[in-house]
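Below: one structure, written as structure tokens.
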Amino acid sequence: MNTLDVVHDFLRRQIKPGAFCIDATAGKGRDTALLCRLAGAEGRVLAFDIQPDAVEQTRALLNAERLTAEVVLDSHANMARYAAPASVDCIVFNFGRLPGGDPKIFTTAETSLPAIDAGLSLLKPGGVMALALYYGKENGYDEKMRFCNT
């Protein structure tokens, strides 16, 4: 079982129909699509990415699977502009870079730590946050060290 499998298993056990979920790092849209399926037609899913390619790929996957989410070209650090405090059931972060994308563009502690703080203020009581951090590449070691020392 890999990191993504663990996260998805956790999400399947936590998210109920009607949930409001945020995918803070949309990437190729796989987490966004899962959140849409779990939240169902009554739910709301909001996804963020700073790369136009990631936003396009996420929208394409959602269209292909006939799922609906609001996919925003913006930093996850700005998520509080899109949701009210204590209104979100689940927030998912998949730190790193877009697979197959520009290897020079990746998440950094400078935006990821404020995004986590913003996300915590958005979670409902009993809400959940999943953080997947892939360290050992360009950004990961720095993010791991900064996350562990915060």
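So you can find residues: chains in the structure tokens are A, B, ... in the order shown, residues in each start at 1, and ligands are numbered from 1 in order.
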### Task
May I have the residues within 7 Å of range 116-120 of chain A as an NGL selection string, using only C-alpha atoms and disregarding those fewer than 3 positions away in the same chain?
:A and (77 or 79-80 or 91 or 112-113 or 123)
Next, write the just-selected residues to a file, as a PDB file, in the first residue's frame, keeping N, CA, C and O atoms as the atom set.
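Contents of result.pdb, freshly written:
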```pdb
ATOM      1  N   ALA A  77      -2.620  28.677  -0.078  1.00  0.00           N
ATOM      2  CA  ALA A  77      -2.471  29.626   1.036  1.00  0.00           C
ATOM      3  C   ALA A  77      -3.637  30.620   1.088  1.00  0.00           C
ATOM      4  O   ALA A  77      -3.875  31.231   2.126  1.00  0.00           O
ATOM      5  N   MET A  79      -6.902  29.805   0.530  1.00  0.00           N
ATOM      6  CA  MET A  79      -8.184  29.089   0.586  1.00  0.00           C
ATOM      7  C   MET A  79      -9.222  29.757   1.488  1.00  0.00           C
ATOM      8  O   MET A  79     -10.422  29.612   1.257  1.00  0.00           O
ATOM      9  N   ALA A  80      -8.782  30.510   2.471  1.00  0.00           N
ATOM     10  CA  ALA A  80      -9.741  31.177   3.356  1.00  0.00           C
ATOM     11  C   ALA A  80     -10.552  32.252   2.629  1.00  0.00           C
ATOM     12  O   ALA A  80     -11.589  32.686   3.134  1.00  0.00           O
ATOM     13  N   ILE A  91     -10.052  18.537   4.379  1.00  0.00           N
ATOM     14  CA  ILE A  91      -9.071  19.209   3.526  1.00  0.00           C
ATOM     15  C   ILE A  91      -7.943  18.223   3.253  1.00  0.00           C
ATOM     16  O   ILE A  91      -7.451  17.561   4.178  1.00  0.00           O
ATOM     17  N   SER A 112       2.899  26.449   2.066  1.00  0.00           N
ATOM     18  CA  SER A 112       2.223  25.280   2.624  1.00  0.00           C
ATOM     19  C   SER A 112       1.889  25.448   4.098  1.00  0.00           C
ATOM     20  O   SER A 112       0.796  25.077   4.541  1.00  0.00           O
ATOM     21  N   LEU A 113       2.804  25.992   4.874  1.00  0.00           N
ATOM     22  CA  LEU A 113       2.519  26.186   6.299  1.00  0.00           C
ATOM     23  C   LEU A 113       1.368  27.175   6.525  1.00  0.00           C
ATOM     24  O   LEU A 113       0.459  26.872   7.307  1.00  0.00           O
ATOM     25  N   LEU A 123     -11.853  24.229   9.113  1.00  0.00           N
ATOM     26  CA  LEU A 123     -12.453  22.944   9.467  1.00  0.00           C
ATOM     27  C   LEU A 123     -13.559  23.093  10.515  1.00  0.00           C
ATOM     28  O   LEU A 123     -13.427  23.844  11.472  1.00  0.00           O
TER      29      LEU A 123
END
```
Skip range 68-75 of chain A itself and residues of its chain fewer than 5 positions away, then list as a compact mmCIF listing (two decimals) with N, CA and C atoms, in the first residue's frame all residues within 8 Å of it, counting only C-alpha atoms.
```txt
# COMPACT_ATOMS: atom_id res chain seq x y z
N ALA A 26 -4.54 20.34 -6.21
CA ALA A 26 -5.31 19.55 -7.19
C ALA A 26 -4.48 18.62 -8.05
N THR A 32 -9.29 15.19 -6.08
CA THR A 32 -10.50 15.98 -6.30
C THR A 32 -11.65 15.07 -6.74
N CYS A 36 -15.18 14.33 -4.80
CA CYS A 36 -16.49 14.52 -5.45
C CYS A 36 -17.36 13.28 -5.31
N ARG A 44 -20.03 19.63 -1.70
CA ARG A 44 -19.30 20.69 -2.42
C ARG A 44 -17.81 20.36 -2.34
N VAL A 45 -17.13 20.48 -3.48
CA VAL A 45 -15.68 20.27 -3.52
C VAL A 45 -15.04 21.47 -4.18
N LEU A 46 -13.99 21.93 -3.54
CA LEU A 46 -13.21 23.08 -4.00
C LEU A 46 -11.77 22.59 -4.14
N ALA A 47 -11.14 22.87 -5.27
CA ALA A 47 -9.76 22.41 -5.51
C ALA A 47 -8.90 23.59 -5.95
N PHE A 48 -7.65 23.58 -5.49
CA PHE A 48 -6.70 24.65 -5.79
C PHE A 48 -5.44 24.09 -6.44
N ASP A 49 -4.89 24.87 -7.34
CA ASP A 49 -3.53 24.62 -7.82
C ASP A 49 -3.01 25.92 -8.42
N ILE A 50 -1.68 26.07 -8.38
CA ILE A 50 -1.05 27.28 -8.91
C ILE A 50 -0.63 27.13 -10.36
N GLN A 51 -0.78 25.91 -10.91
CA GLN A 51 -0.36 25.67 -12.28
C GLN A 51 -1.57 25.53 -13.21
N PRO A 52 -1.60 26.31 -14.28
CA PRO A 52 -2.70 26.17 -15.23
C PRO A 52 -2.85 24.75 -15.76
N VAL A 55 -4.80 22.70 -13.25
CA VAL A 55 -6.21 23.07 -13.26
C VAL A 55 -6.90 22.45 -14.47
N THR A 58 -7.21 18.64 -13.99
CA THR A 58 -8.25 18.32 -13.01
C THR A 58 -9.62 18.51 -13.63
N ARG A 59 -9.83 19.61 -14.32
CA ARG A 59 -11.14 19.85 -14.96
C ARG A 59 -11.45 18.78 -16.00
N LEU A 62 -12.49 15.58 -14.20
CA LEU A 62 -13.85 15.74 -13.65
C LEU A 62 -14.90 15.66 -14.76
N ASN A 63 -14.64 16.33 -15.88
CA ASN A 63 -15.58 16.27 -17.01
C ASN A 63 -15.73 14.85 -17.53
N THR A 111 4.44 28.66 1.47
CA THR A 111 3.00 28.73 1.25
C THR A 111 2.25 27.59 1.91
```
### Query
Of the residues A:Ala132, A:Leu35, A:Ala86, A:Ala60, which is the one nearest to Gln14 in chain A, using only C-alpha atoms?
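Between A:Ala132, A:Leu35, A:Ala86, A:Ala60, the residue approaching Gln14 in chain A most closely is A:Leu35.
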Based on the backbone DSSP call, show me all residues of range 103-137 of chain A assigned strand (DSSP E or B), as a PDB file with C-alpha atoms, in the first residue's frame.
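This is the output file part32.pdb:
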```pdb
ATOM      1  CA  LEU A 123     -12.453  22.944   9.467  1.00  0.00           C
ATOM      2  CA  LYS A 124     -15.687  22.225  11.295  1.00  0.00           C
ATOM      3  CA  PRO A 125     -15.394  20.671  14.740  1.00  0.00           C
ATOM      4  CA  GLY A 126     -14.650  17.027  13.986  1.00  0.00           C
ATOM      5  CA  GLY A 127     -13.390  17.878  10.493  1.00  0.00           C
ATOM      6  CA  VAL A 128     -10.310  16.129   9.148  1.00  0.00           C
ATOM      7  CA  MET A 129      -7.157  17.141   7.310  1.00  0.00           C
ATOM      8  CA  ALA A 130      -4.949  14.718   5.374  1.00  0.00           C
ATOM      9  CA  LEU A 131      -1.347  15.683   4.616  1.00  0.00           C
ATOM     10  CA  ALA A 132       0.816  13.622   2.262  1.00  0.00           C
ATOM     11  CA  LEU A 133       4.427  14.804   2.096  1.00  0.00           C
TER      12      LEU A 133
END
```
